[in-house]
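For reference, the structure is listed below as structure tokens.
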Amino acid sequence: MWLSVLLCLLASLAGGATSASTDSSTKAYVPDERIQAFTRTWQRRLHLDEWTVETRVVRKSELKPETLGNLKWNLASHTAVIRVLSPLDYDMPAGDVPEDMEYTVVHELIHLRLAGLPRDPNAKETEEVVVNRIADALMALDKGPEFHARSVAPVNVPRKQDGSGAEVAGRRAIRPEPPVIAPK
């Protein structure tokens, strides 16, 4: 009797786990500690140790439309705040969300690495393309062949002074296309 109850319970749990992992409507849970670990790891890899970087997970209402994150920095004080879209607001399978959040952190930290370069307001789109391609390359090296690049055609991402001497940049919401596998 107990054995049949235990088997039924295990079967229902296994069935629930399978459907949750493949259901794209299931929201991901990414602990704040994991986001902070992404930041610390990539900050170290990009040699940004002189910067004080704070990463915040925010709801989409706190970001510009169609963005997955942004960066606000102050070059004089070497401080920066990265805002990353909350997993609750992602529109992708839950299993893909942590890597995309990590990609956003990497993308914004690359902007920070470039913060000391002279600014050309006419080259914002070019900078976004370059930052995306560098982020793709770094993530591909880290994740291996399973990583799907997010580089796309240029998008106009505004950068502006915010009145405090800080600058702002952001990552647009671009979904990677699944790889096309040619038949053999």
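Please note that chains go A, B, ... in the order of the structure tokens, that every chain numbers its residues from 1, and that ligands are numbered from 1 in the order shown.
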
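All residues of protein, DNA or RNA that reach within 10 Å of Leu63 of chain A, judged by only C-alpha atoms and not counting those fewer than 4 positions away in the chain, are Val58, Arg59, Thr67, Leu68, Gly69, Asn70, Arg83, Val84, Leu85 and Gly170 of chain A.
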
Restricting the output to N, CA, C and O atoms, write the selected residues as a PDB file, in the first residue's frame.
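Produced file part.pdb, reproduced below:
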ATOM      1  N   VAL A  58      15.525  44.566 -11.890  1.00  0.00           N
ATOM      2  CA  VAL A  58      14.402  45.501 -11.871  1.00  0.00           C
ATOM      3  C   VAL A  58      13.277  45.012 -12.777  1.00  0.00           C
ATOM      4  O   VAL A  58      13.506  44.234 -13.702  1.00  0.00           O
ATOM      5  N   ARG A  59      12.089  45.495 -12.503  1.00  0.00           N
ATOM      6  CA  ARG A  59      10.935  45.178 -13.340  1.00  0.00           C
ATOM      7  C   ARG A  59      10.987  45.994 -14.629  1.00  0.00           C
ATOM      8  O   ARG A  59      11.646  47.030 -14.693  1.00  0.00           O
ATOM      9  N   THR A  67      13.998  47.067 -23.672  1.00  0.00           N
ATOM     10  CA  THR A  67      15.371  46.882 -23.211  1.00  0.00           C
ATOM     11  C   THR A  67      15.416  45.780 -22.154  1.00  0.00           C
ATOM     12  O   THR A  67      14.435  45.546 -21.444  1.00  0.00           O
ATOM     13  N   LEU A  68      16.555  45.135 -22.075  1.00  0.00           N
ATOM     14  CA  LEU A  68      16.758  44.054 -21.115  1.00  0.00           C
ATOM     15  C   LEU A  68      17.668  44.474 -19.973  1.00  0.00           C
ATOM     16  O   LEU A  68      17.860  43.732 -19.024  1.00  0.00           O
ATOM     17  N   GLY A  69      18.231  45.670 -20.093  1.00  0.00           N
ATOM     18  CA  GLY A  69      19.102  46.173 -19.046  1.00  0.00           C
ATOM     19  C   GLY A  69      19.707  47.488 -19.460  1.00  0.00           C
ATOM     20  O   GLY A  69      19.553  47.924 -20.605  1.00  0.00           O
ATOM     21  N   ASN A  70      20.351  48.140 -18.505  1.00  0.00           N
ATOM     22  CA  ASN A  70      21.096  49.352 -18.831  1.00  0.00           C
ATOM     23  C   ASN A  70      22.190  49.569 -17.807  1.00  0.00           C
ATOM     24  O   ASN A  70      22.286  48.865 -16.810  1.00  0.00           O
ATOM     25  N   ARG A  83      21.342  47.753 -14.321  1.00  0.00           N
ATOM     26  CA  ARG A  83      19.977  47.292 -14.064  1.00  0.00           C
ATOM     27  C   ARG A  83      19.664  46.204 -15.088  1.00  0.00           C
ATOM     28  O   ARG A  83      19.851  46.399 -16.284  1.00  0.00           O
ATOM     29  N   VAL A  84      19.211  45.046 -14.580  1.00  0.00           N
ATOM     30  CA  VAL A  84      18.923  43.876 -15.398  1.00  0.00           C
ATOM     31  C   VAL A  84      17.444  43.531 -15.242  1.00  0.00           C
ATOM     32  O   VAL A  84      16.915  43.545 -14.130  1.00  0.00           O
ATOM     33  N   LEU A  85      16.804  43.210 -16.351  1.00  0.00           N
ATOM     34  CA  LEU A  85      15.385  42.861 -16.342  1.00  0.00           C
ATOM     35  C   LEU A  85      15.117  41.664 -15.429  1.00  0.00           C
ATOM     36  O   LEU A  85      15.835  40.657 -15.479  1.00  0.00           O
ATOM     37  N   GLY A 170      22.138  51.154 -22.730  1.00  0.00           N
ATOM     38  CA  GLY A 170      21.214  50.057 -22.466  1.00  0.00           C
ATOM     39  C   GLY A 170      21.292  48.966 -23.506  1.00  0.00           C
ATOM     40  O   GLY A 170      21.734  49.191 -24.618  1.00  0.00           O
TER      41      GLY A 170
END

Sel. of alpha helix (DSSP H) residues, segment 59-162 of chain A, as a ChimeraX atom specification: /A:97-113,124-143

For segment 33-50 of chain A: contacts at 10 Å, only C-alpha atoms, fewer than 2 positions along chain excluded, given as an NGL selection string: :A and (30-31 or 52-57 or 77-79 or 82 or 84 or 98-99 or 101-110 or 112-113 or 138)

Just to be explicit: take each residue in the selection above, keep N, CA and C atoms, and write the result as a JSON list (two decimals), in the first residue's frame.
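Saved result, result19.json, follows:
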[["chain", "number", "residue", "atom", "x", "y", "z"],
["A", 30, "VAL", "N", 15.88, 33.31, -10.65],
["A", 30, "VAL", "CA", 17.33, 33.50, -10.65],
["A", 30, "VAL", "C", 17.67, 34.27, -9.38],
["A", 31, "PRO", "N", 18.29, 33.62, -8.42],
["A", 31, "PRO", "CA", 18.58, 34.30, -7.14],
["A", 31, "PRO", "C", 19.52, 35.49, -7.35],
["A", 52, "THR", "N", 33.41, 50.34, -8.59],
["A", 52, "THR", "CA", 32.40, 49.83, -7.67],
["A", 52, "THR", "C", 31.14, 49.67, -8.51],
["A", 53, "VAL", "N", 30.75, 48.41, -8.74],
["A", 53, "VAL", "CA", 29.61, 48.12, -9.61],
["A", 53, "VAL", "C", 28.50, 47.49, -8.78],
["A", 54, "GLU", "N", 27.33, 48.07, -8.89],
["A", 54, "GLU", "CA", 26.14, 47.55, -8.22],
["A", 54, "GLU", "C", 25.21, 47.02, -9.31],
["A", 55, "THR", "N", 24.70, 45.82, -9.13],
["A", 55, "THR", "CA", 23.77, 45.24, -10.09],
["A", 55, "THR", "C", 22.42, 45.07, -9.41],
["A", 56, "ARG", "N", 21.39, 45.59, -10.08],
["A", 56, "ARG", "CA", 20.02, 45.51, -9.56],
["A", 56, "ARG", "C", 19.13, 44.78, -10.55],
["A", 57, "VAL", "N", 18.32, 43.89, -10.05],
["A", 57, "VAL", "CA", 17.29, 43.25, -10.87],
["A", 57, "VAL", "C", 16.04, 44.11, -10.74],
["A", 77, "SER", "N", 34.07, 59.06, -10.36],
["A", 77, "SER", "CA", 34.06, 58.32, -9.09],
["A", 77, "SER", "C", 34.23, 56.81, -9.27],
["A", 78, "HIS", "N", 34.32, 56.34, -10.52],
["A", 78, "HIS", "CA", 34.43, 54.92, -10.81],
["A", 78, "HIS", "C", 33.32, 54.12, -10.14],
["A", 79, "THR", "N", 32.10, 54.62, -10.28],
["A", 79, "THR", "CA", 30.94, 53.89, -9.76],
["A", 79, "THR", "C", 29.99, 53.62, -10.93],
["A", 82, "ILE", "N", 24.28, 48.68, -12.80],
["A", 82, "ILE", "CA", 23.70, 47.90, -13.90],
["A", 82, "ILE", "C", 22.30, 47.51, -13.45],
["A", 84, "VAL", "N", 19.21, 45.05, -14.58],
["A", 84, "VAL", "CA", 18.92, 43.88, -15.40],
["A", 84, "VAL", "C", 17.44, 43.53, -15.24],
["A", 98, "PRO", "N", 18.51, 32.64, -17.18],
["A", 98, "PRO", "CA", 19.76, 32.95, -16.46],
["A", 98, "PRO", "C", 20.91, 33.32, -17.40],
["A", 99, "GLU", "N", 21.07, 32.59, -18.50],
["A", 99, "GLU", "CA", 22.15, 32.91, -19.43],
["A", 99, "GLU", "C", 21.91, 34.27, -20.09],
["A", 101, "MET", "N", 20.35, 36.81, -18.74],
["A", 101, "MET", "CA", 20.66, 37.82, -17.72],
["A", 101, "MET", "C", 22.17, 37.98, -17.59],
["A", 102, "GLU", "N", 22.90, 36.88, -17.64],
["A", 102, "GLU", "CA", 24.36, 36.95, -17.59],
["A", 102, "GLU", "C", 24.88, 37.72, -18.80],
["A", 103, "TYR", "N", 24.31, 37.45, -19.97],
["A", 103, "TYR", "CA", 24.71, 38.16, -21.19],
["A", 103, "TYR", "C", 24.50, 39.67, -21.02],
["A", 104, "THR", "N", 23.39, 40.05, -20.42],
["A", 104, "THR", "CA", 23.12, 41.47, -20.20],
["A", 104, "THR", "C", 24.19, 42.08, -19.30],
["A", 105, "VAL", "N", 24.57, 41.37, -18.23],
["A", 105, "VAL", "CA", 25.63, 41.86, -17.34],
["A", 105, "VAL", "C", 26.93, 42.03, -18.12],
["A", 106, "VAL", "N", 27.28, 41.04, -18.93],
["A", 106, "VAL", "CA", 28.51, 41.12, -19.73],
["A", 106, "VAL", "C", 28.43, 42.30, -20.69],
["A", 107, "HIS", "N", 27.32, 42.44, -21.37],
["A", 107, "HIS", "CA", 27.12, 43.54, -22.32],
["A", 107, "HIS", "C", 27.34, 44.90, -21.64],
["A", 108, "GLU", "N", 26.72, 45.08, -20.49],
["A", 108, "GLU", "CA", 26.84, 46.37, -19.79],
["A", 108, "GLU", "C", 28.25, 46.59, -19.26],
["A", 109, "LEU", "N", 28.91, 45.53, -18.80],
["A", 109, "LEU", "CA", 30.29, 45.68, -18.33],
["A", 109, "LEU", "C", 31.25, 46.02, -19.47],
["A", 110, "ILE", "N", 30.96, 45.54, -20.66],
["A", 110, "ILE", "CA", 31.79, 45.93, -21.82],
["A", 110, "ILE", "C", 31.62, 47.43, -22.08],
["A", 112, "LEU", "N", 31.04, 49.58, -19.86],
["A", 112, "LEU", "CA", 31.81, 50.21, -18.79],
["A", 112, "LEU", "C", 33.31, 50.17, -19.12],
["A", 113, "ARG", "N", 33.78, 49.06, -19.67],
["A", 113, "ARG", "CA", 35.20, 48.95, -20.05],
["A", 113, "ARG", "C", 35.55, 50.02, -21.09],
["A", 138, "LEU", "N", 32.84, 36.61, -25.98],
["A", 138, "LEU", "CA", 33.20, 36.24, -24.61],
["A", 138, "LEU", "C", 32.30, 35.13, -24.07]]

Polymer residues at most 12 Å from Arg133 of chain A, only C-alpha atoms, same-chain spacing of 5 or more positions, as a PDB file with C-alpha atoms, in the first residue's frame:
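Saved as result_1.pdb:
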ATOM      1  CA  TYR A 103      24.713  38.157 -21.189  1.00  0.00           C
ATOM      2  CA  VAL A 106      28.512  41.118 -19.729  1.00  0.00           C
ATOM      3  CA  HIS A 107      27.117  43.542 -22.320  1.00  0.00           C
ATOM      4  CA  ILE A 110      31.787  45.934 -21.816  1.00  0.00           C
ATOM      5  CA  THR A 126      28.238  51.178 -34.144  1.00  0.00           C
ATOM      6  CA  GLU A 127      29.190  50.910 -30.469  1.00  0.00           C
ATOM      7  CA  GLU A 128      26.167  48.688 -29.805  1.00  0.00           C
ATOM      8  CA  LEU A 138      33.203  36.235 -24.606  1.00  0.00           C
ATOM      9  CA  MET A 139      30.061  34.258 -23.812  1.00  0.00           C
ATOM     10  CA  ALA A 140      30.804  31.732 -26.581  1.00  0.00           C
ATOM     11  CA  HIS A 148      23.515  31.193 -29.259  1.00  0.00           C
ATOM     12  CA  ALA A 149      24.911  34.570 -30.313  1.00  0.00           C
ATOM     13  CA  ARG A 150      22.721  37.635 -29.861  1.00  0.00           C
ATOM     14  CA  SER A 151      24.464  39.935 -32.374  1.00  0.00           C
ATOM     15  CA  VAL A 152      21.979  41.552 -34.690  1.00  0.00           C
ATOM     16  CA  ALA A 153      21.702  44.491 -37.029  1.00  0.00           C
ATOM     17  CA  PRO A 154      22.402  47.870 -35.427  1.00  0.00           C
TER      18      PRO A 154
END

Residue set, segment 42-140 of chain A restricted to strand (DSSP E), as a compact mmCIF listing (two decimals) with N, CA and C atoms, in the first residue's frame:
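Full text of selection.txt as output:
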# COMPACT_ATOMS: atom_id res chain seq x y z
N THR A 52 33.41 50.34 -8.59
CA THR A 52 32.40 49.83 -7.67
C THR A 52 31.14 49.67 -8.51
N VAL A 53 30.75 48.41 -8.74
CA VAL A 53 29.61 48.12 -9.61
C VAL A 53 28.50 47.49 -8.78
N GLU A 54 27.33 48.07 -8.89
CA GLU A 54 26.14 47.55 -8.22
C GLU A 54 25.21 47.02 -9.31
N THR A 55 24.70 45.82 -9.13
CA THR A 55 23.77 45.24 -10.09
C THR A 55 22.42 45.07 -9.41
N ARG A 56 21.39 45.59 -10.08
CA ARG A 56 20.02 45.51 -9.56
C ARG A 56 19.13 44.78 -10.55
N VAL A 57 18.32 43.89 -10.05
CA VAL A 57 17.29 43.25 -10.87
C VAL A 57 16.04 44.11 -10.74
N VAL A 58 15.52 44.57 -11.89
CA VAL A 58 14.40 45.50 -11.87
C VAL A 58 13.28 45.01 -12.78
N THR A 67 14.00 47.07 -23.67
CA THR A 67 15.37 46.88 -23.21
C THR A 67 15.42 45.78 -22.15
N LEU A 68 16.55 45.14 -22.07
CA LEU A 68 16.76 44.05 -21.12
C LEU A 68 17.67 44.47 -19.97
N GLY A 69 18.23 45.67 -20.09
CA GLY A 69 19.10 46.17 -19.05
C GLY A 69 19.71 47.49 -19.46
N ASN A 70 20.35 48.14 -18.51
CA ASN A 70 21.10 49.35 -18.83
C ASN A 70 22.19 49.57 -17.81
N LEU A 71 23.02 50.54 -18.12
CA LEU A 71 24.17 50.86 -17.30
C LEU A 71 24.21 52.36 -17.10
N LYS A 72 24.45 52.77 -15.88
CA LYS A 72 24.67 54.18 -15.57
C LYS A 72 26.00 54.24 -14.84
N TRP A 73 26.90 55.10 -15.32
CA TRP A 73 28.22 55.15 -14.71
C TRP A 73 28.69 56.58 -14.50
N ASN A 74 29.63 56.71 -13.57
CA ASN A 74 30.27 57.99 -13.33
C ASN A 74 31.78 57.73 -13.41
N THR A 79 32.10 54.62 -10.28
CA THR A 79 30.94 53.89 -9.76
C THR A 79 29.99 53.62 -10.93
N ALA A 80 29.28 52.51 -10.83
CA ALA A 80 28.34 52.15 -11.89
C ALA A 80 27.19 51.34 -11.30
N VAL A 81 26.03 51.48 -11.95
CA VAL A 81 24.86 50.68 -11.59
C VAL A 81 24.37 50.01 -12.87
N ILE A 82 24.28 48.68 -12.80
CA ILE A 82 23.70 47.90 -13.90
C ILE A 82 22.30 47.51 -13.45
N ARG A 83 21.34 47.75 -14.32
CA ARG A 83 19.98 47.29 -14.06
C ARG A 83 19.66 46.20 -15.09
N VAL A 84 19.21 45.05 -14.58
CA VAL A 84 18.92 43.88 -15.40
C VAL A 84 17.44 43.53 -15.24
N LEU A 85 16.80 43.21 -16.35
CA LEU A 85 15.39 42.86 -16.34
C LEU A 85 15.12 41.66 -15.43

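Each of A:Ser86, A:Leu75, A:Asp100, A:Glu62 was checked against Ala135 of chain A using only C-alpha atoms; the smallest atom-to-atom distance is that of A:Asp100.
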
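Between atom CA of Asp96 of chain A and atom CA of Ala137 of chain A there is a distance of 18.0 Å.
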